[in-house]
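Participant: Supplied in structure tokens, the structure appears directly below.
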Amino acid sequence: MENLYVKDVSVIYPGKTAGERVHALNNINLTINSGDFVVALGASGCGKTTLLSLMAGFIAPSKGEIMLGDNKVEGPGADRGVVFQKHALLPWLNVMENVEFGLKLQGVPKAVRREQAAKNLALVGLKDFHDNMIYQLSGGMQQRVGIARALTSNPAMLLMDEPMAALDALTRETIQELLLDIWAKSSTMFFFITHSVDEALFLANRLIVMSPRPGRITHTYELDFNKRFLECRDARAVKSSPDFIKMRETVLNIIYGDERAVNKELEVSHA
Ligand SMILES: Nc1ncnc2c1ncn2[C@@H]1O[C@H](COP(=O)(O)OP(=O)(O)OP(=O)(O)O)[C@@H](O)[C@H]1O
């Protein structure tokens, strides 16, 4: 399996006024190894979505490069599956048709793509829902379809931008556990964005904390709460352990500090 390398990457967007430039990312270096579950956290505007969009190939860096193994990322590809907050499912297709859609576009024969899609629908707990239309499913089930669809082209990497933000707390926890089960069974690289510190600590084996203006990685933590959950299957126990709570305080202090700094800057610029 290949690693993903973000090498000296900067992204500069044009600002709102002529000549203004937004340094969304500044000199980012990050290696994601096969089997990593990397989670990005950080105050609003620190460049998380920009970083994911680069890996997905939706945008190009202003400087630096992204490599997947020996290949430069120059656009979207089936080797990177993306799951969005709004799952972007196709409402006129049923569950099976949504999940096999990417393989169909690649010209994969029907029997092969159906088998692959059915395997992933079983993995996300939807083996009895192949024929349902999307509107017949709850939000959590729709997000499971989104995950099955992203997995179906057997990507080297799964990119997720706040995939649980619209879900209720209980569904969110169930899908967190599902993602760890999928992660444990595969060597797929995960890159996951969230605003929830608890979710980040629970899922990541590597947590990157980013700061805005310019967007950069300021802290990296190696964590094992996800492995602890996979061993004991008791998420509550993991999330209430003293070192989880201590880590949450550490990370919250960093993010709140950044948010206060940004708000202060905004107050000054509007004064
Ligand atoms: N297409 C664009 N054009 C101009 N500026 C942009 C564009 N996309 C993002 N930005 C700016 O770049 C910076 C980083 O944005 P980005 O969406 O990557 O941050 P984020 O950490 O994902 O934010 P959030 O947590 O609020 O989703 C922000 O200042 C944002 O306003």
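The way I read the labels, and the way they are meant: chains A, B, ... in the order of the structure tokens, residue 1 as the first residue of every chain, and ligand 1 as the first ligand shown, with later ones counted on from there.
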Report as a PyMOL selection string which protein, DNA and RNA residues come within 7 Å of ligand 1, using only C-alpha atoms and all ligand atoms.
Facilitator: chain A and resi 13-15+22-24+42-51+195+215
Participant: Write out the residues from the selection above, keeping N, CA and C atoms, as a PDB file, in the first residue's frame.
Facilitator:
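So the final result, stored in out.pdb, reads:
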ATOM      1  N   TYR A  13      -5.385  31.920  -1.626  1.00  0.00           N
ATOM      2  CA  TYR A  13      -6.597  32.254  -2.392  1.00  0.00           C
ATOM      3  C   TYR A  13      -6.629  33.762  -2.627  1.00  0.00           C
ATOM      4  N   PRO A  14      -7.290  34.186  -3.699  1.00  0.00           N
ATOM      5  CA  PRO A  14      -7.519  35.619  -3.835  1.00  0.00           C
ATOM      6  C   PRO A  14      -8.484  36.087  -2.743  1.00  0.00           C
ATOM      7  N   GLY A  15      -8.264  37.261  -2.174  1.00  0.00           N
ATOM      8  CA  GLY A  15      -9.151  37.782  -1.125  1.00  0.00           C
ATOM      9  C   GLY A  15     -10.357  38.494  -1.718  1.00  0.00           C
ATOM     10  N   VAL A  22      -5.391  35.443   0.696  1.00  0.00           N
ATOM     11  CA  VAL A  22      -5.646  34.664   1.917  1.00  0.00           C
ATOM     12  C   VAL A  22      -4.668  33.494   1.944  1.00  0.00           C
ATOM     13  N   HIS A  23      -3.793  33.478   2.946  1.00  0.00           N
ATOM     14  CA  HIS A  23      -2.847  32.362   3.105  1.00  0.00           C
ATOM     15  C   HIS A  23      -3.570  31.226   3.833  1.00  0.00           C
ATOM     16  N   ALA A  24      -4.307  30.432   3.071  1.00  0.00           N
ATOM     17  CA  ALA A  24      -5.113  29.369   3.690  1.00  0.00           C
ATOM     18  C   ALA A  24      -4.228  28.285   4.279  1.00  0.00           C
ATOM     19  N   GLY A  42      -9.128  22.064  14.499  1.00  0.00           N
ATOM     20  CA  GLY A  42      -8.583  23.422  14.556  1.00  0.00           C
ATOM     21  C   GLY A  42      -9.680  24.448  14.430  1.00  0.00           C
ATOM     22  N   ALA A  43      -9.381  25.665  14.870  1.00  0.00           N
ATOM     23  CA  ALA A  43     -10.353  26.751  14.825  1.00  0.00           C
ATOM     24  C   ALA A  43     -10.839  26.953  13.393  1.00  0.00           C
ATOM     25  N   SER A  44     -12.029  27.491  13.286  1.00  0.00           N
ATOM     26  CA  SER A  44     -12.611  27.740  11.975  1.00  0.00           C
ATOM     27  C   SER A  44     -11.658  28.571  11.104  1.00  0.00           C
ATOM     28  N   GLY A  45     -11.492  28.148   9.864  1.00  0.00           N
ATOM     29  CA  GLY A  45     -10.656  28.926   8.933  1.00  0.00           C
ATOM     30  C   GLY A  45      -9.181  28.558   8.962  1.00  0.00           C
ATOM     31  N   CYS A  46      -8.814  27.483   9.683  1.00  0.00           N
ATOM     32  CA  CYS A  46      -7.387  27.140   9.773  1.00  0.00           C
ATOM     33  C   CYS A  46      -6.921  26.333   8.561  1.00  0.00           C
ATOM     34  N   GLY A  47      -7.822  25.994   7.644  1.00  0.00           N
ATOM     35  CA  GLY A  47      -7.394  25.367   6.386  1.00  0.00           C
ATOM     36  C   GLY A  47      -7.642  23.864   6.305  1.00  0.00           C
ATOM     37  N   LYS A  48      -8.483  23.336   7.181  1.00  0.00           N
ATOM     38  CA  LYS A  48      -8.725  21.882   7.180  1.00  0.00           C
ATOM     39  C   LYS A  48      -9.322  21.409   5.855  1.00  0.00           C
ATOM     40  N   THR A  49     -10.390  22.098   5.427  1.00  0.00           N
ATOM     41  CA  THR A  49     -11.045  21.686   4.179  1.00  0.00           C
ATOM     42  C   THR A  49     -10.129  21.908   2.986  1.00  0.00           C
ATOM     43  N   THR A  50      -9.329  22.966   3.050  1.00  0.00           N
ATOM     44  CA  THR A  50      -8.374  23.224   1.956  1.00  0.00           C
ATOM     45  C   THR A  50      -7.387  22.064   1.856  1.00  0.00           C
ATOM     46  N   LEU A  51      -6.909  21.581   3.010  1.00  0.00           N
ATOM     47  CA  LEU A  51      -5.953  20.471   3.009  1.00  0.00           C
ATOM     48  C   LEU A  51      -6.600  19.206   2.433  1.00  0.00           C
ATOM     49  N   HIS A 195     -14.999  19.061  14.099  1.00  0.00           N
ATOM     50  CA  HIS A 195     -14.911  20.144  15.085  1.00  0.00           C
ATOM     51  C   HIS A 195     -15.039  19.584  16.487  1.00  0.00           C
ATOM     52  N   GLY A 215      -2.861  29.272   7.802  1.00  0.00           N
ATOM     53  CA  GLY A 215      -3.185  27.900   8.198  1.00  0.00           C
ATOM     54  C   GLY A 215      -1.931  27.045   8.274  1.00  0.00           C
TER      55      GLY A 215
END
Participant: Contacts between region 174-183 of chain A and region 32-130 of chain A, please, where a residue of region 32-130 of chain A counts if it comes within 8 Å (with only C-alpha atoms); show its shortest atom pair and distance in Å to one decimal, rows by chain and ascending number, as a tab-separated table.
Facilitator:
residue	atom	partner	partner_atom	distance
A:Gly35	CA	A:Trp183	CA	7.4
A:Phe37	CA	A:Trp183	CA	7.6
A:Leu123	CA	A:Ile182	CA	7.6
A:Val124	CA	A:Leu178	CA	7.0
Participant: With a distance cut-off of 9 Å and only C-alpha atoms, select the neighbouring residues of Leu167 (chain A), excluding the residue or stretch itself and same-chain residues fewer than 3 positions from it, and output the selection as a list in words.
Facilitator: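 Surrounding residues, per the criterion: Gly139, Gly140, Gln143, Pro163, Met164, Leu170, Thr171 and Arg172 of chain A.
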Participant: Looking at A:Gly69, A:Arg80, A:Ala40, A:Ile59, which one is nearest to Glu162 (chain A), with distances taken over only C-alpha atoms?
Facilitator: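 Of A:Gly69, A:Arg80, A:Ala40, A:Ile59, the one nearest Glu162 (chain A), counting only C-alpha atoms, is A:Ala40.
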Participant: Check the smallest atom-to-atom distance from each of A:Thr152, A:Val11, A:Trp92, A:Asn120 to Lys104 (chain A) using only C-alpha atoms, then report the winner.
Facilitator: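 That would be A:Thr152, the residue with the smallest distance to Lys104 (chain A).
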Participant: List as a list of chain:residue names the protein and nucleic acid residues near Ser62 (chain A), meaning an atom at most 8 Å away when only C-alpha atoms are counted, but skip any in the same chain fewer than 2 places from it.
Facilitator: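 The filter keeps A:Val9, A:Ser10, A:Val11, A:Ile12, A:Ala60, A:Gly64.
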Participant: Work out how far apart CA of Ile147 (chain A) and CA of Lys86 (chain A) are and give it in Å to one decimal.
Facilitator: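 Those two atoms sit 11.7 Å apart.
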Participant: One number please: CA of Asp234 (chain A) to CA of Leu41 (chain A), in Å, one decimal.
Facilitator: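 That distance, rounded to one decimal, is 23.9 Å.
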Participant: Pick out each residue of region 31-80 of chain A that DSSP on the backbone tags as strand (DSSP E); I need them as a ChimeraX atom specification.
Facilitator: /A:31-32,37-42,63-68,71-72,80
Participant: Mind writing the picked residues with C-alpha atoms as a compact mmCIF listing (two decimals), in the first residue's frame?
Facilitator:
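Generated output (part-v6.txt):
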# COMPACT_ATOMS: atom_id res chain seq x y z
CA THR A 31 3.01 12.03 5.78
CA ILE A 32 0.07 9.65 6.06
CA PHE A 37 -6.21 7.31 10.90
CA VAL A 38 -5.25 10.99 10.82
CA VAL A 39 -7.72 13.52 12.22
CA ALA A 40 -7.46 17.28 11.70
CA LEU A 41 -8.85 19.67 14.30
CA GLY A 42 -8.58 23.42 14.56
CA LYS A 63 3.41 25.85 -3.86
CA GLY A 64 4.66 22.32 -3.10
CA GLU A 65 3.14 19.00 -4.09
CA ILE A 66 1.03 16.07 -2.92
CA MET A 67 2.25 12.56 -3.74
CA LEU A 68 0.31 9.31 -3.43
CA ASN A 71 2.34 9.57 -8.29
CA LYS A 72 1.71 13.28 -8.05
CA ARG A 80 -9.23 8.44 -3.01
Participant: Just give me the gap between CA of Ala156 (chain A) and CA of Asp36 (chain A) in Å, one decimal is fine.
Facilitator: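 About the pair CA of Ala156 (chain A) and CA of Asp36 (chain A): they are 11.1 Å apart.
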Participant: From the options A:Ala148, A:Val99, A:Leu90, A:Ile193, which residue's atoms come nearest to Ser53 (chain A), counting only C-alpha atoms?
Facilitator: A:Ile193
Participant: For Ile245 (chain A), which residue out of A:Ile28, A:Leu201, A:Val268, A:Leu230 is the nearest one, using only C-alpha atoms?
Facilitator: A:Leu201
